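File shown: start-v3.txt. Contents: compact mmCIF, C-alpha atoms (C1' of nucleotides).
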```txt
# COMPACT_ATOMS: atom_id res chain seq x y z
CA MET U 1 0.00 0.00 0.00
CA GLU U 2 2.74 2.38 -0.67
CA SER U 3 1.94 5.56 -2.34
CA SER U 4 2.86 5.43 -5.97
CA ALA U 5 4.90 8.51 -6.30
CA ALA U 6 4.99 10.40 -3.07
CA SER U 7 7.16 8.69 -0.56
CA VAL U 8 5.54 8.71 2.81
CA VAL U 9 2.29 10.49 3.01
CA THR U 10 1.91 10.41 6.70
CA ALA U 11 -0.23 13.31 7.57
CA ASP U 12 -0.04 12.45 11.18
CA GLY U 13 2.75 9.97 11.35
CA ALA U 14 0.42 7.03 11.27
CA ASP U 15 3.11 4.71 10.08
CA ALA U 16 4.57 2.89 12.96
CA GLU U 17 7.90 2.03 11.50
CA SER U 18 8.67 5.14 9.70
CA ARG U 19 12.33 5.70 9.13
CA LYS U 20 11.92 9.22 10.25
CA PRO U 21 11.64 9.44 13.98
CA GLN U 22 9.20 11.92 15.28
CA PRO U 23 10.22 14.08 18.19
CA SER U 24 8.61 13.20 21.46
CA ARG U 25 6.20 15.45 23.28
CA PHE U 26 7.74 14.34 26.54
CA LYS U 27 10.77 15.81 28.11
CA GLY U 28 13.72 13.52 28.29
CA VAL U 29 12.32 11.22 25.66
CA VAL U 30 14.10 10.71 22.38
CA PRO U 31 12.97 8.64 19.42
CA GLN U 32 15.03 5.66 18.39
CA PRO U 33 15.68 4.68 14.80
CA ASN U 34 13.64 1.53 15.19
CA GLY U 35 10.52 3.30 16.34
CA ARG U 36 11.11 2.79 20.01
CA TRP U 37 11.83 5.45 22.58
CA GLY U 38 14.79 6.30 24.68
CA ALA U 39 14.84 8.20 27.92
CA GLN U 40 17.64 10.33 29.20
CA ILE U 41 18.28 12.86 31.88
CA TYR U 42 21.12 15.28 32.22
CA GLU U 43 23.23 15.93 35.21
CA LYS U 44 26.34 18.03 35.36
CA HIS U 45 26.65 18.33 31.61
CA ARG U 46 26.45 14.62 31.32
CA ARG U 47 23.75 12.55 29.83
CA VAL U 48 22.47 9.69 31.87
CA TRP U 49 20.82 7.12 29.70
CA LEU U 50 17.65 5.67 31.19
CA GLY U 51 16.99 2.96 28.69
CA THR U 52 14.82 2.26 25.70
CA PHE U 53 11.14 1.52 25.73
CA ASN U 54 8.41 0.37 23.43
CA LEU U 55 6.04 3.10 24.38
CA GLU U 56 6.67 6.77 24.51
CA GLU U 57 4.77 6.93 27.78
CA GLN U 58 7.02 4.36 29.33
CA ALA U 59 10.04 6.40 28.47
CA ALA U 60 8.30 9.45 29.84
CA LEU U 61 7.58 7.69 33.08
CA ALA U 62 11.17 6.59 33.32
CA TYR U 63 12.28 10.15 32.94
CA ALA U 64 9.74 11.35 35.49
CA THR U 65 11.01 8.79 37.94
CA ALA U 66 14.59 9.73 37.36
CA ALA U 67 13.70 13.39 37.71
CA LEU U 68 12.11 12.61 41.02
CA ARG U 69 15.29 11.00 42.23
CA PHE U 70 17.74 13.39 40.62
CA ARG U 71 15.97 16.66 41.09
CA GLY U 72 13.37 16.25 43.69
CA ARG U 73 9.64 16.40 43.97
CA ASP U 74 9.10 19.86 42.62
CA ALA U 75 11.00 19.38 39.43
CA ALA U 76 9.19 16.16 38.69
CA ALA U 77 5.82 17.63 39.50
CA ASN U 78 6.33 20.41 37.03
CA LEU U 79 6.44 18.11 34.08
CA ARG U 80 3.79 18.38 31.43
CA PRO U 81 1.72 16.35 31.57
CA PRO U 82 2.20 15.76 35.25
CA PRO U 83 3.33 12.23 35.97
CA PRO U 84 1.33 10.02 38.31
CA ALA U 85 1.72 11.27 41.81
CA ALA U 86 4.23 9.45 43.89
CA ASP U 87 3.27 8.62 47.39
CA GLU U 88 5.37 8.83 50.50
CA HIS U 89 6.53 5.30 50.18
CA GLU U 90 7.84 5.86 46.72
CA PHE U 91 9.83 8.84 47.89
CA ASN U 92 11.23 6.67 50.58
CA PHE U 93 12.02 3.99 48.11
CA LEU U 94 13.69 6.41 45.76
CA ASN U 95 15.80 7.98 48.42
CA SER U 96 16.84 4.70 49.89
CA HIS U 97 18.58 3.84 46.65
CA THR U 98 21.42 5.50 44.87
CA LYS U 99 20.84 7.28 41.62
CA SER U 100 22.80 4.58 39.95
CA GLU U 101 20.53 1.93 41.34
CA ILE U 102 17.42 3.77 40.24
CA VAL U 103 18.87 4.19 36.80
CA ASP U 104 19.62 0.50 36.73
CA MET U 105 16.03 -0.34 37.53
CA LEU U 106 14.74 2.03 34.91
CA ARG U 107 17.02 0.67 32.25
CA LYS U 108 15.97 -2.84 33.03
CA HIS U 109 12.32 -1.94 33.42
CA THR U 110 12.25 -3.29 36.92
CA TYR U 111 11.46 -0.15 38.81
CA ALA U 112 7.73 -0.79 39.13
CA ASP U 113 8.32 -4.24 40.49
CA GLU U 114 10.98 -3.24 42.91
CA LEU U 115 8.72 -0.56 44.21
CA HIS U 116 5.90 -3.03 44.39
CA TYR U 117 7.93 -5.48 46.41
CA SER U 118 9.25 -2.84 48.69
CA ARG U 119 5.71 -2.02 49.68
CA ARG U 120 5.15 -5.55 50.86
CA THR U 121 8.39 -5.69 52.68
CA ILE U 122 8.05 -2.69 54.89
CA SER U 123 9.92 -3.35 58.06
CA THR U 124 9.37 -7.01 57.73
CA THR U 125 11.62 -8.48 60.26
CA ASP U 126 12.61 -11.55 58.41
CA PRO U 127 13.05 -14.40 60.82
CA THR U 128 15.05 -16.43 58.39
CA LEU U 129 18.30 -14.94 59.44
CA ASP U 130 17.30 -14.46 62.98
CA ASN U 131 18.41 -16.52 65.90
CA ASN U 132 19.65 -20.01 65.67
CA SER U 133 16.51 -22.00 65.74
CA PRO U 134 17.54 -25.30 67.22
CA SER U 135 14.37 -27.12 66.37
CA ILE U 136 14.49 -26.67 62.64
CA ALA U 137 17.12 -29.23 61.97
CA ALA U 138 15.05 -31.99 63.46
CA THR U 139 11.67 -30.64 62.52
CA PRO U 140 10.80 -30.69 58.88
CA ALA U 141 7.44 -29.32 59.82
CA ALA U 142 6.22 -26.34 57.91
CA PRO U 143 8.59 -24.71 55.49
CA GLU U 144 8.85 -21.04 56.08
CA HIS U 145 7.91 -18.63 53.42
CA LEU U 146 10.81 -16.83 51.85
CA PHE U 147 9.36 -14.67 49.15
CA GLU U 148 7.19 -14.72 46.10
CA LYS U 149 7.16 -13.02 42.79
CA SER U 150 4.61 -12.29 40.17
CA VAL U 151 6.34 -13.51 37.06
CA THR U 152 6.83 -11.10 34.25
CA PRO U 153 6.47 -11.71 30.55
CA SER U 154 10.23 -11.96 30.39
CA ASP U 155 10.28 -14.55 33.13
CA VAL U 156 8.07 -16.85 31.11
CA GLY U 157 9.38 -15.82 27.73
CA LYS U 158 12.21 -16.85 25.55
CA LEU U 159 14.90 -15.63 27.82
CA ASN U 160 14.58 -18.83 29.82
CA ARG U 161 15.33 -17.21 33.08
CA LEU U 162 13.67 -15.97 36.21
CA VAL U 163 14.96 -12.79 37.68
CA ILE U 164 15.19 -12.87 41.44
CA PRO U 165 14.76 -9.45 42.98
CA LYS U 166 17.99 -8.37 44.49
CA GLN U 167 16.68 -7.92 47.97
CA PHE U 168 15.39 -11.47 48.02
CA ALA U 169 18.35 -12.95 46.24
CA GLU U 170 20.87 -11.52 48.61
CA LYS U 171 18.82 -12.33 51.64
CA HIS U 172 17.83 -15.85 50.82
CA PHE U 173 20.08 -17.05 48.04
CA PRO U 174 23.51 -15.67 48.70
CA LEU U 175 26.06 -16.22 45.99
CA GLN U 176 29.77 -16.34 46.23
CA ILE U 177 31.34 -13.50 44.43
CA GLY U 178 34.42 -14.25 42.49
CA GLY U 179 37.54 -12.78 43.86
CA ALA U 180 38.09 -10.62 40.86
CA GLY U 181 34.52 -9.56 40.88
CA ASP U 182 34.09 -10.75 37.37
CA ALA U 183 33.80 -14.46 37.58
CA ILE U 184 30.81 -15.28 39.65
CA LYS U 185 30.20 -18.92 39.59
CA GLY U 186 26.66 -20.02 39.55
CA VAL U 187 25.33 -22.73 41.75
CA LEU U 188 22.84 -25.49 41.27
CA LEU U 189 19.81 -25.13 43.49
CA SER U 190 17.25 -27.84 44.01
CA PHE U 191 13.65 -27.08 44.73
CA GLU U 192 10.86 -29.42 45.55
CA ASP U 193 7.46 -28.58 44.22
CA ARG U 194 3.99 -29.26 45.49
CA SER U 195 3.92 -32.75 44.10
CA GLY U 196 7.29 -33.67 45.43
CA LYS U 197 9.05 -33.31 42.14
CA VAL U 198 12.53 -31.92 42.37
CA TRP U 199 13.62 -29.14 40.11
CA ARG U 200 17.17 -28.06 39.66
CA PHE U 201 17.90 -24.59 38.50
CA ARG U 202 21.15 -22.95 37.82
CA TYR U 203 21.33 -19.86 39.94
CA SER U 204 23.80 -17.17 39.05
CA TYR U 205 24.45 -13.51 38.77
CA TRP U 206 24.44 -11.78 35.45
CA ASN U 207 27.03 -9.10 35.51
CA SER U 208 25.83 -7.61 32.28
CA SER U 209 22.44 -6.84 33.66
CA HIS U 210 23.23 -6.80 37.36
CA SER U 211 20.60 -9.40 37.97
CA TYR U 212 20.29 -12.54 39.99
CA VAL U 213 18.68 -15.19 37.87
CA LEU U 214 17.53 -18.75 37.74
CA THR U 215 18.56 -19.94 34.32
CA LYS U 216 19.13 -23.51 33.28
CA GLY U 217 16.12 -25.62 34.04
CA TRP U 218 13.77 -22.75 34.52
CA ASN U 219 12.13 -23.03 31.13
CA ARG U 220 11.13 -26.61 31.88
CA PHE U 221 9.35 -25.47 34.98
CA VAL U 222 7.57 -22.76 33.03
CA LYS U 223 6.39 -25.24 30.46
CA GLU U 224 5.26 -27.93 32.82
CA LYS U 225 3.34 -25.56 35.02
CA ASN U 226 2.21 -23.54 32.08
CA LEU U 227 3.33 -20.44 33.84
CA GLN U 228 2.05 -17.24 32.38
CA ALA U 229 2.80 -13.65 33.02
CA GLY U 230 1.05 -12.52 36.13
CA ASP U 231 1.22 -15.90 37.78
CA THR U 232 3.00 -16.15 41.06
CA VAL U 233 5.92 -18.26 42.06
CA SER U 234 6.82 -18.56 45.70
CA PHE U 235 9.77 -19.97 47.53
CA ARG U 236 9.96 -21.68 50.87
CA ARG U 237 12.64 -23.22 52.92
CA SER U 238 12.80 -25.73 55.66
CA GLY U 239 16.25 -26.11 57.01
CA LYS U 240 18.30 -26.67 53.91
CA ARG U 241 15.42 -27.87 51.84
CA LEU U 242 14.07 -25.46 49.29
CA TYR U 243 10.57 -25.52 47.93
CA ILE U 244 8.98 -23.85 44.98
CA ASP U 245 5.32 -23.32 44.39
CA TRP U 246 3.24 -21.49 41.88
CA LYS U 247 -0.19 -20.04 41.60
CA ALA U 248 -2.02 -19.09 38.47
CA ARG U 249 -3.38 -15.67 38.22
CA ARG U 250 -7.12 -15.37 38.49
CA ARG U 251 -8.40 -15.85 35.04
CA SER U 252 -11.62 -14.00 35.29
CA GLY U 253 -11.96 -10.82 37.14
CA PRO U 254 -9.75 -7.83 37.40
CA PRO U 255 -6.26 -8.08 36.07
CA VAL U 256 -3.44 -8.35 38.46
CA ARG U 257 -2.36 -4.88 37.91
CA THR U 258 -3.06 -2.16 35.51
CA VAL U 259 -0.32 0.29 35.07
CA ARG U 260 -1.55 3.66 34.11
CA LEU U 261 0.98 5.81 32.47
CA PHE U 262 -0.32 9.26 32.14
CA GLY U 263 -3.36 8.75 30.03
CA VAL U 264 -2.53 5.30 28.83
CA ASP U 265 -3.61 2.13 30.50
CA ILE U 266 -1.20 -0.66 30.09
CA LEU U 267 -1.98 -4.21 30.94
CA GLU U 268 0.99 -6.05 32.17
CA THR U 269 -0.10 -9.42 31.00
CA ALA U 270 -1.48 -10.66 27.77
CA ALA U 271 -4.54 -12.80 28.13
CA VAL U 272 -3.18 -15.91 26.59
CA HIS U 273 -4.94 -19.14 27.20
CA GLY U 274 -5.01 -22.49 25.60
CA GLY U 275 -1.59 -23.68 26.51
CA GLY U 276 0.29 -21.41 24.24
CA CYS U 277 3.07 -19.62 25.91
CA GLY U 278 4.36 -17.77 22.95
CA GLY U 279 3.27 -14.30 23.61
CA LYS U 280 4.18 -12.27 20.65
CA ARG U 281 4.85 -8.90 21.95
CA VAL U 282 3.82 -7.65 25.26
CA ILE U 283 3.05 -4.04 25.27
CA GLY U 284 3.97 -1.91 28.13
CA GLU U 285 5.90 -4.09 30.37
CA MET U 286 7.09 -2.25 33.37
CA ASN U 287 7.82 -5.52 34.96
CA GLY U 288 10.58 -7.92 35.17
CA VAL U 289 11.84 -7.95 38.60
CA GLY U 290 15.46 -7.85 38.79
CA PHE U 291 17.29 -5.13 40.40
CA GLY U 292 20.64 -3.76 40.06
CA CYS U 293 23.24 -3.77 42.63
CA GLY U 294 25.55 -1.69 40.64
CA LYS U 295 26.39 0.80 43.21
CA LYS U 296 28.98 3.08 41.98
CA ALA U 297 29.60 6.55 42.98
C1' DA Q 1 21.34 -8.37 11.47
C1' DT Q 2 19.44 -5.60 14.64
C1' DG Q 3 19.16 -2.23 17.97
C1' DT Q 4 21.34 0.40 21.71
C1' DG Q 5 23.12 4.29 23.50
C1' DT Q 6 27.33 7.16 22.94
C1' DG Q 7 29.69 10.91 20.51
C1' DT Q 8 28.83 15.14 19.00
C1' DT Q 9 26.89 19.45 17.86
C1' DG Q 10 24.05 23.30 18.16
C1' DA Q 11 19.81 25.28 19.90
C1' DC Q 12 17.68 27.24 24.33
C1' DT T 1 20.43 21.66 29.96
C1' DC T 2 18.46 19.72 26.34
C1' DA T 3 17.49 17.03 21.96
C1' DA T 4 18.72 15.93 16.87
C1' DC T 5 21.56 13.33 14.34
C1' DA T 6 24.94 9.80 12.96
C1' DC T 7 27.06 5.64 13.73
C1' DA T 8 30.50 2.67 16.65
C1' DC T 9 29.72 -0.88 19.06
C1' DA T 10 26.70 -4.46 21.69
C1' DT T 11 23.91 -7.93 21.26
C1' DG T 12 21.62 -12.05 19.41
```
Exercise: express the given structure as structure tokens:
Amino acid sequence: MESSAASVVTADGADAESRKPQPSRFKGVVPQPNGRWGAQIYEKHRRVWLGTFNLEEQAALAYATAALRFRGRDAAANLRPPPPAADEHEFNFLNSHTKSEIVDMLRKHTYADELHYSRRTISTTDPTLDNNSPSIAATPAAPEHLFEKSVTPSDVGKLNRLVIPKQFAEKHFPLQIGGAGDAIKGVLLSFEDRSGKVWRFRYSYWNSSHSYVLTKGWNRFVKEKNLQAGDTVSFRRSGKRLYIDWKARRRSGPPVRTVRLFGVDILETAAVHGGGCGGKRVIGEMNGVGFGCGKKA
DNA sequence: ATGTGTGTTGAC
DNA sequence: TCAACACACATG
């Protein structure tokens, strides 16, 4: 359907993959050659790259979040259109992390999840590391809950990995860091599921993305349980035994979460049913727990 | 092969 | 401080 003579007759830029990027109406948002959107913020004459995003609004939200952390509440509130109001907890969350960490989350699209988890973890005195419970060793009784995660599209997608939020990874699944800092050897973790089946996952740290991940073996779990985005996986421990469980998201009824970016509602999960796990493209994914621990200056 | 995000420049 | 533009370099 190309116009015969005139090249691109986009009166309003209706073509999605036009070679010619259109400037964004959002501050800090720059078009990418492939039709996606980048976000960037400046600090001390230096550009800080905030990542690339499918949707312009996502990039805008990333910038707004960064602005909140870098420049404070007022600066962020003065954006047009005004970004979704951040509550007290979010301010807390932002200020309890370094700029670098926030940028890491934004670039990896994990900010929303990290914030989400932090809400559930408010001053939760985790008993796992507390005291030396003498009875555990001899009492296989009830495994204690470690943490759970609502899996993201990426977690059940082709990447074949589950990102473990940093706070949980470091608290419950400590890894040995290579002496040089580069070589971090992964470990093999075994988990028992509801039916008694044992699953072995390779657990390691991805330096490139600053993420703790379950890799090898994870995709088999996803397939067997037919895990879909929005479903929940939970981890328990009893002594040295590890357990994994999962729970499907409610099929009917309200979605797990609707992320509203400015005027745009974005569903975090695609309603895929029928056993297919091949989601094509998930729009607006502000998910993907992960977390960066890249704390630099 | 594709896409990221850095280098760079010139406006505001 | 900011974004437009080009493309070196990651990434798969």
Distance-based interface of chain U with chain T, 10 Å, counting only C-alpha atoms (C1' of nucleotides), as a PDB file with C-alpha atoms, in the frame of the given file:
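Once everything was written out, this is selection19.pdb:
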```pdb
ATOM      1  CA  PRO U  23      10.220  14.080  18.190  1.00  0.00           C
ATOM      2  CA  SER U  24       8.610  13.200  21.460  1.00  0.00           C
ATOM      3  CA  LYS U  27      10.770  15.810  28.110  1.00  0.00           C
ATOM      4  CA  GLY U  28      13.720  13.520  28.290  1.00  0.00           C
ATOM      5  CA  VAL U  29      12.320  11.220  25.660  1.00  0.00           C
ATOM      6  CA  VAL U  30      14.100  10.710  22.380  1.00  0.00           C
ATOM      7  CA  PRO U  31      12.970   8.640  19.420  1.00  0.00           C
ATOM      8  CA  GLN U  40      17.640  10.330  29.200  1.00  0.00           C
ATOM      9  CA  ILE U  41      18.280  12.860  31.880  1.00  0.00           C
ATOM     10  CA  TYR U  42      21.120  15.280  32.220  1.00  0.00           C
ATOM     11  CA  GLU U  43      23.230  15.930  35.210  1.00  0.00           C
ATOM     12  CA  LYS U  44      26.340  18.030  35.360  1.00  0.00           C
ATOM     13  CA  HIS U  45      26.650  18.330  31.610  1.00  0.00           C
ATOM     14  CA  ARG U  46      26.450  14.620  31.320  1.00  0.00           C
ATOM     15  CA  ARG U  47      23.750  12.550  29.830  1.00  0.00           C
TER      16      ARG U  47
END
```
Spatial neighbours of Val163 (chain U), 12 Å, all atoms listed in the file, chain gap at least 3 places, as a count of residues only: 41
Up to 12 Å from chain U, what residues of chain Q turn up? Count all atoms listed in the file and give them as a ChimeraX atom specification. /Q:2-7
Would you mind reading off the distance between CA of Pro83 (chain U) and CA of Phe26 (chain U), one decimal, in Å?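 Atom-to-atom, CA of Pro83 (chain U) and CA of Phe26 (chain U) are spaced 10.6 Å apart.
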Centre, edges in Å (one decimal): axis-aligned box, chain Q, 5 Å padding on all six sides, as JSON:
```
{"center_x": 23.7, "center_y": 9.4, "center_z": 17.9, "size_x": 22.0, "size_y": 45.6, "size_z": 22.9}
```
So how many Å separate CA of Pro143 (chain U) and CA of Arg236 (chain U), to one decimal? 5.7 Å
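Pairwise distance (CA of Lys216 (chain U), CA of Leu188 (chain U)) equals 9.0 Å.
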